[in-house]
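Encoded as structure tokens, the structure appears first; notes follow it.
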Amino acid sequence: MKKIVKYIMTDILRSRIMIIYTIVLLATSFTLFSLEDNANKGLLSLLNIILIIVPLFSLLFSTIYIYNSAEFIELLVSQPLQRKSIWQSFSIGLAISLSLAFIIGIGLPVLIFQFNTIGLILIIVGTLLGIIFVAIALWAAVQIRDKAKGIGMAILLWMYFSLLFDGFVLFLLFQFADYPLEKPMILVSALNPIDLGRVLILLQLDISAMMGYTGAIFKDFFGTKLGLSIAFITLLVWVLIPLYFSTRKFIRKDL
Amino acid sequence: MIIANNVTKNYGKLIALDNVSVNCKKGECIILIGPNGSGKTTLIKCILGMAIPDSGFITFNNNNISKDWAYRAAIGYMPQIGKYPEHMTIGQVLTMMKDIRNTEKPLDEDLIKSFKLDGLLNKRMGTLSGGTTQKVSAALAFLFNPAVLILDEPTAGLDPIASEILKEKILAEKDNGKLILVTSHILSDLDDLVTEVIYMQEGKLCFHQSIDKLRDETGEEKLAKAIARVMLEKAN
């Protein structure tokens, strides 16, 4: 398994897009930190970019990589290798490479300008988000045979998680405005890793005071150690569930 | 060595394999023939575990292959259309395969030499012609000295010289007591190698017979004519 991970990683890290991605992240974060005199503000702007760019890039890159590696996968499957370990090698290879790009591109500047709890949480959340969307992309790629459809699916998934889901939540909130929905909202936020990541970081910043009663409830829950651990466990579950289903599907797939 | 039991495989509505049972023994050289789309490649993919049968099972040395994967170390497979990562060079592919297989056994690099692949090691797989890709596939199939060789249309796309080299190599390995499973629709090509014939049509196994018996029964010397006669008798 280690050998396959090694081959996949050298292949990914050599690719030009990966290098450009890292440089863009690096440039963005340095620019944002030097534009704002307050590092907290820089972090906030960076957060919004992370929540949009990282899932999108992870999804698209992983889906396209899997489709482009169809031949390589076929070659590996006819060798004395376990299917499960082939698929997990691809997941691990993609996850490590994308995390590496994120840690260099965002993690490094954050550690320089904002070396504290918020900065660390931002790095962990961003890395986890990248890995979650690798897992989701792999699930989509293993389910759909056609490359164009698969990439379309990846884009739709991204739209769902970053745009549509918030729309649904707002709709629900307005429809049921007469009911106390603050506590159920905590549960709803667990249904979308991007929202969960956003809440986790916003609550660490002072602006959470501006989020009203819901903000207070959230702070009550996620502010505690228990709440924080539950949130991180939820994010891990978001990695494991797609990974489990995609592995199960890959083991039974005809190539 | 390889036994398939009532293997059925559907692709959507298409029945690729319909209740196929075969028994392949050590030292045989079996040719798998049949028209296009008769399920030859699907059967091979099922044996390799690349396609999973809907029902029935396949055993390799009396072990069911559905839960096993290590058995593939004993198989050398040459696909009909070899697909390799395009940006890798021939040398990198060879090194990678050696690295993945990681065997202590001595490697059989005869074909790399006789196909003169060692002069092309720096060429990218994506730039190779179909024939050269086939040569790489063949070299890889024989490289690890496997007990079973599965060759899907081995001579298709090869020039006469290369295909002669390959045929001689197959003959040599057959004399070493290996099980060789070849698919082909060009019959005359492999006449002198084959010991058993399996004929498939529309996913069904029509017959599985030793070539001597086939020749005796039909009175035809040529394999192609013998098979044509059997098919004619079946039709009547």
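Every chain in the structure tokens has a letter given in the order shown (A, B, ...), and although residue numbers restart at 1 in each chain, ligands are simply numbered from 1 in the order shown.
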Exercise for review: Kindly determine which residues of chain B lie within 7 Å of chain A, considering only C-alpha atoms, and give the answer as a PyMOL selection string.
Suggested key: chain B and resi 48+50-52+69-73+83-85+100
Exercise for review: Compile the contact shell of region 153-170 of chain B as a PyMOL selection string: residues with an atom at most 6 Å away, counting only C-alpha atoms, same-chain residues fewer than 6 positions apart removed.
Suggested key: chain B and resi 80+131+183-184
Just write the chosen residues, C-alpha atoms, as a CSV table (one decimal), in the first residue's frame.
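File part_14.csv, as written:
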chain,number,residue,atom,x,y,z
B,80,GLN,CA,-6.3,-6.9,-25.5
B,131,GLY,CA,2.1,-2.4,-31.5
B,183,THR,CA,-8.0,-15.8,-26.9
B,184,SER,CA,-8.0,-15.1,-30.6
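Checking A:Leu157, A:Ile201, A:Leu181, A:Ile230 one by one against Val125 (chain A), counting only C-alpha atoms, you find the shortest gap at A:Ile201.
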Review point. DSSP on the backbone: what in region 27-163 of chain B comes out alpha helix (DSSP H), as number ranges by chain?
Key: B: 40-48, 90-101, 110-114, 130-143, 160-163
Practice item. Please identify all polymer residues within 8 Å of Ser97 (chain A), counting only C-alpha atoms, omitting same-chain residues fewer than 5 positions from it, and present them as a list in words. Key: Met9, Ile12 and Leu13 of chain A
Just to be explicit: take each residue in the selection above, keep N, CA and C atoms, and write the result as a PDB file, in the first residue's frame.
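Result file follows (selection-v1.pdb):
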ATOM      1  N   MET A   9       1.501   9.906  -4.950  1.00  0.00           N
ATOM      2  CA  MET A   9       1.908  11.226  -4.457  1.00  0.00           C
ATOM      3  C   MET A   9       2.942  11.889  -5.349  1.00  0.00           C
ATOM      4  N   ILE A  12       1.054  13.243  -8.256  1.00  0.00           N
ATOM      5  CA  ILE A  12       0.237  14.439  -8.014  1.00  0.00           C
ATOM      6  C   ILE A  12       1.125  15.659  -7.755  1.00  0.00           C
ATOM      7  N   LEU A  13       2.123  15.482  -6.900  1.00  0.00           N
ATOM      8  CA  LEU A  13       2.912  16.642  -6.489  1.00  0.00           C
ATOM      9  C   LEU A  13       3.727  17.212  -7.650  1.00  0.00           C
TER      10      LEU A  13
END
Point to revise | Neighbour list for Gly119 (chain B) as an MDAnalysis selection string, cut-off 10 Å, only C-alpha atoms, skip fewer than 5 positions in-chain | key: chainID B and resid 90:91 112:113
Just-selected residues, C-alpha atoms written as a PDB file, in the first residue's frame:
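The new file result15.pdb reads:
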ATOM      1  CA  ILE B  90       8.431   2.307 -20.366  1.00  0.00           C
ATOM      2  CA  GLY B  91      11.282   2.103 -17.870  1.00  0.00           C
ATOM      3  CA  ILE B 112      12.239  -7.131 -23.256  1.00  0.00           C
ATOM      4  CA  LYS B 113      15.444  -8.076 -25.064  1.00  0.00           C
TER       5      LYS B 113
END
Review point. Could you write out, as a list in words, all the residues of region 117-193 of chain B that DSSP marks as strand (DSSP E or B)?
Key: Arg124, Val148, Leu149, Ile150, Leu151, Asp152, Leu179, Ile180, Leu181, Val182 and Thr183 of chain B
Just the selected residues (N, CA and C atoms), exported as a PDB file, in the first residue's frame, please.
ATOM      1  N   ARG B 124       7.767   7.801 -23.433  1.00  0.00           N
ATOM      2  CA  ARG B 124       6.533   7.851 -22.656  1.00  0.00           C
ATOM      3  C   ARG B 124       5.490   6.906 -23.230  1.00  0.00           C
ATOM      4  N   VAL B 148       0.625 -19.206 -14.671  1.00  0.00           N
ATOM      5  CA  VAL B 148      -0.471 -19.135 -15.626  1.00  0.00           C
ATOM      6  C   VAL B 148      -0.283 -17.884 -16.482  1.00  0.00           C
ATOM      7  N   LEU B 149      -0.462 -18.068 -17.784  1.00  0.00           N
ATOM      8  CA  LEU B 149      -0.380 -16.900 -18.663  1.00  0.00           C
ATOM      9  C   LEU B 149      -1.729 -16.706 -19.322  1.00  0.00           C
ATOM     10  N   ILE B 150      -2.275 -15.519 -19.194  1.00  0.00           N
ATOM     11  CA  ILE B 150      -3.544 -15.221 -19.841  1.00  0.00           C
ATOM     12  C   ILE B 150      -3.291 -14.146 -20.882  1.00  0.00           C
ATOM     13  N   LEU B 151      -3.463 -14.506 -22.129  1.00  0.00           N
ATOM     14  CA  LEU B 151      -3.124 -13.585 -23.211  1.00  0.00           C
ATOM     15  C   LEU B 151      -4.383 -13.304 -24.021  1.00  0.00           C
ATOM     16  N   ASP B 152      -4.798 -12.040 -24.013  1.00  0.00           N
ATOM     17  CA  ASP B 152      -6.016 -11.659 -24.722  1.00  0.00           C
ATOM     18  C   ASP B 152      -5.623 -11.088 -26.083  1.00  0.00           C
ATOM     19  N   LEU B 179       0.280 -23.231 -17.595  1.00  0.00           N
ATOM     20  CA  LEU B 179      -1.051 -23.166 -18.182  1.00  0.00           C
ATOM     21  C   LEU B 179      -1.151 -21.880 -18.991  1.00  0.00           C
ATOM     22  N   ILE B 180      -1.523 -22.024 -20.243  1.00  0.00           N
ATOM     23  CA  ILE B 180      -1.607 -20.845 -21.099  1.00  0.00           C
ATOM     24  C   ILE B 180      -3.026 -20.729 -21.655  1.00  0.00           C
ATOM     25  N   LEU B 181      -3.613 -19.580 -21.454  1.00  0.00           N
ATOM     26  CA  LEU B 181      -4.976 -19.333 -21.917  1.00  0.00           C
ATOM     27  C   LEU B 181      -4.913 -18.172 -22.908  1.00  0.00           C
ATOM     28  N   VAL B 182      -5.260 -18.469 -24.151  1.00  0.00           N
ATOM     29  CA  VAL B 182      -5.144 -17.457 -25.197  1.00  0.00           C
ATOM     30  C   VAL B 182      -6.515 -17.231 -25.827  1.00  0.00           C
ATOM     31  N   THR B 183      -6.854 -15.980 -26.063  1.00  0.00           N
ATOM     32  CA  THR B 183      -8.047 -15.750 -26.874  1.00  0.00           C
ATOM     33  C   THR B 183      -7.583 -15.245 -28.222  1.00  0.00           C
TER      34      THR B 183
END
Review point. Counting only C-alpha atoms, what is within 10 Å of region 219-225 of chain B, bar same-chain residues fewer than 4 positions away, as a PyMOL selection string?
Key: chain B and resi 185-188+190-192+194+197+211-215+229-231
Could the residues in this selection be written to a file with N, CA and C atoms, as an mmCIF file, in the first residue's frame?
data_model
loop_
_atom_site.group_PDB
_atom_site.id
_atom_site.type_symbol
_atom_site.label_atom_id
_atom_site.label_comp_id
_atom_site.auth_asym_id
_atom_site.auth_seq_id
_atom_site.Cartn_x
_atom_site.Cartn_y
_atom_site.Cartn_z
ATOM 1 N N HIS B 185 -9.295 -14.562 -32.510
ATOM 2 C CA HIS B 185 -10.205 -15.024 -33.541
ATOM 3 C C HIS B 185 -9.499 -15.342 -34.839
ATOM 4 N N ILE B 186 -8.188 -15.166 -34.829
ATOM 5 C CA ILE B 186 -7.425 -15.619 -35.992
ATOM 6 C C ILE B 186 -6.931 -17.020 -35.669
ATOM 7 N N LEU B 187 -7.530 -18.028 -36.277
ATOM 8 C CA LEU B 187 -7.257 -19.399 -35.865
ATOM 9 C C LEU B 187 -5.920 -19.915 -36.350
ATOM 10 N N SER B 188 -5.626 -19.651 -37.608
ATOM 11 C CA SER B 188 -4.446 -20.265 -38.201
ATOM 12 C C SER B 188 -3.169 -19.836 -37.479
ATOM 13 N N LEU B 190 -2.304 -19.713 -34.391
ATOM 14 C CA LEU B 190 -1.795 -20.429 -33.228
ATOM 15 C C LEU B 190 -2.004 -21.935 -33.326
ATOM 16 N N ASP B 191 -2.276 -22.386 -34.541
ATOM 17 C CA ASP B 191 -2.567 -23.801 -34.778
ATOM 18 C C ASP B 191 -1.631 -24.766 -34.080
ATOM 19 N N ASP B 192 -0.331 -24.489 -34.194
ATOM 20 C CA ASP B 192 0.659 -25.459 -33.761
ATOM 21 C C ASP B 192 0.920 -25.424 -32.262
ATOM 22 N N VAL B 194 -1.695 -25.013 -29.818
ATOM 23 C CA VAL B 194 -2.857 -25.269 -28.978
ATOM 24 C C VAL B 194 -3.040 -26.737 -28.661
ATOM 25 N N VAL B 197 -9.350 -26.567 -27.172
ATOM 26 C CA VAL B 197 -10.129 -25.491 -27.783
ATOM 27 C C VAL B 197 -11.401 -25.263 -26.970
ATOM 28 N N ILE B 211 -7.634 -30.823 -28.877
ATOM 29 C CA ILE B 211 -7.548 -30.599 -30.326
ATOM 30 C C ILE B 211 -7.413 -31.914 -31.093
ATOM 31 N N ASP B 212 -6.752 -32.886 -30.470
ATOM 32 C CA ASP B 212 -6.588 -34.177 -31.141
ATOM 33 C C ASP B 212 -7.942 -34.831 -31.364
ATOM 34 N N LYS B 213 -8.772 -34.756 -30.294
ATOM 35 C CA LYS B 213 -10.091 -35.365 -30.377
ATOM 36 C C LYS B 213 -10.920 -34.667 -31.447
ATOM 37 N N LEU B 214 -10.775 -33.369 -31.465
ATOM 38 C CA LEU B 214 -11.522 -32.571 -32.437
ATOM 39 C C LEU B 214 -11.132 -32.964 -33.860
ATOM 40 N N ARG B 215 -9.838 -33.157 -34.059
ATOM 41 C CA ARG B 215 -9.339 -33.524 -35.393
ATOM 42 C C ARG B 215 -9.842 -34.920 -35.779
ATOM 43 N N ARG B 229 -16.684 -27.149 -39.116
ATOM 44 C CA ARG B 229 -17.485 -28.357 -39.280
ATOM 45 C C ARG B 229 -18.349 -28.606 -38.035
ATOM 46 N N VAL B 230 -17.715 -28.446 -36.861
ATOM 47 C CA VAL B 230 -18.472 -28.648 -35.621
ATOM 48 C C VAL B 230 -19.633 -27.668 -35.547
ATOM 49 N N MET B 231 -19.369 -26.418 -35.913
ATOM 50 C CA MET B 231 -20.413 -25.402 -35.833
ATOM 51 C C MET B 231 -21.551 -25.731 -36.800
#
Exercise for review: Do a neighbour search on Gly39 (chain B) at 8 Å with only C-alpha atoms, toss out local chain neighbours closer than 4 positions, and write the hits as a ChimeraX atom specification.
Suggested key: /B:16-17,43,200-204
Check your understanding: Near Ile19 (chain A), counting only C-alpha atoms, which residues have an atom at most 12 Å away, once you skip same-chain residues fewer than 4 positions from it, shown as a PyMOL selection string?
Key -> chain A and resi 12-15+23-26+97-98+100-102+104-105
Practice item. Kindly give the distance, in Å, that separates CA of Gly130 (chain A) and CA of Val239 (chain A), rounded to a single decimal. Key: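 Distance reported for this atom pair: 9.7 Å.
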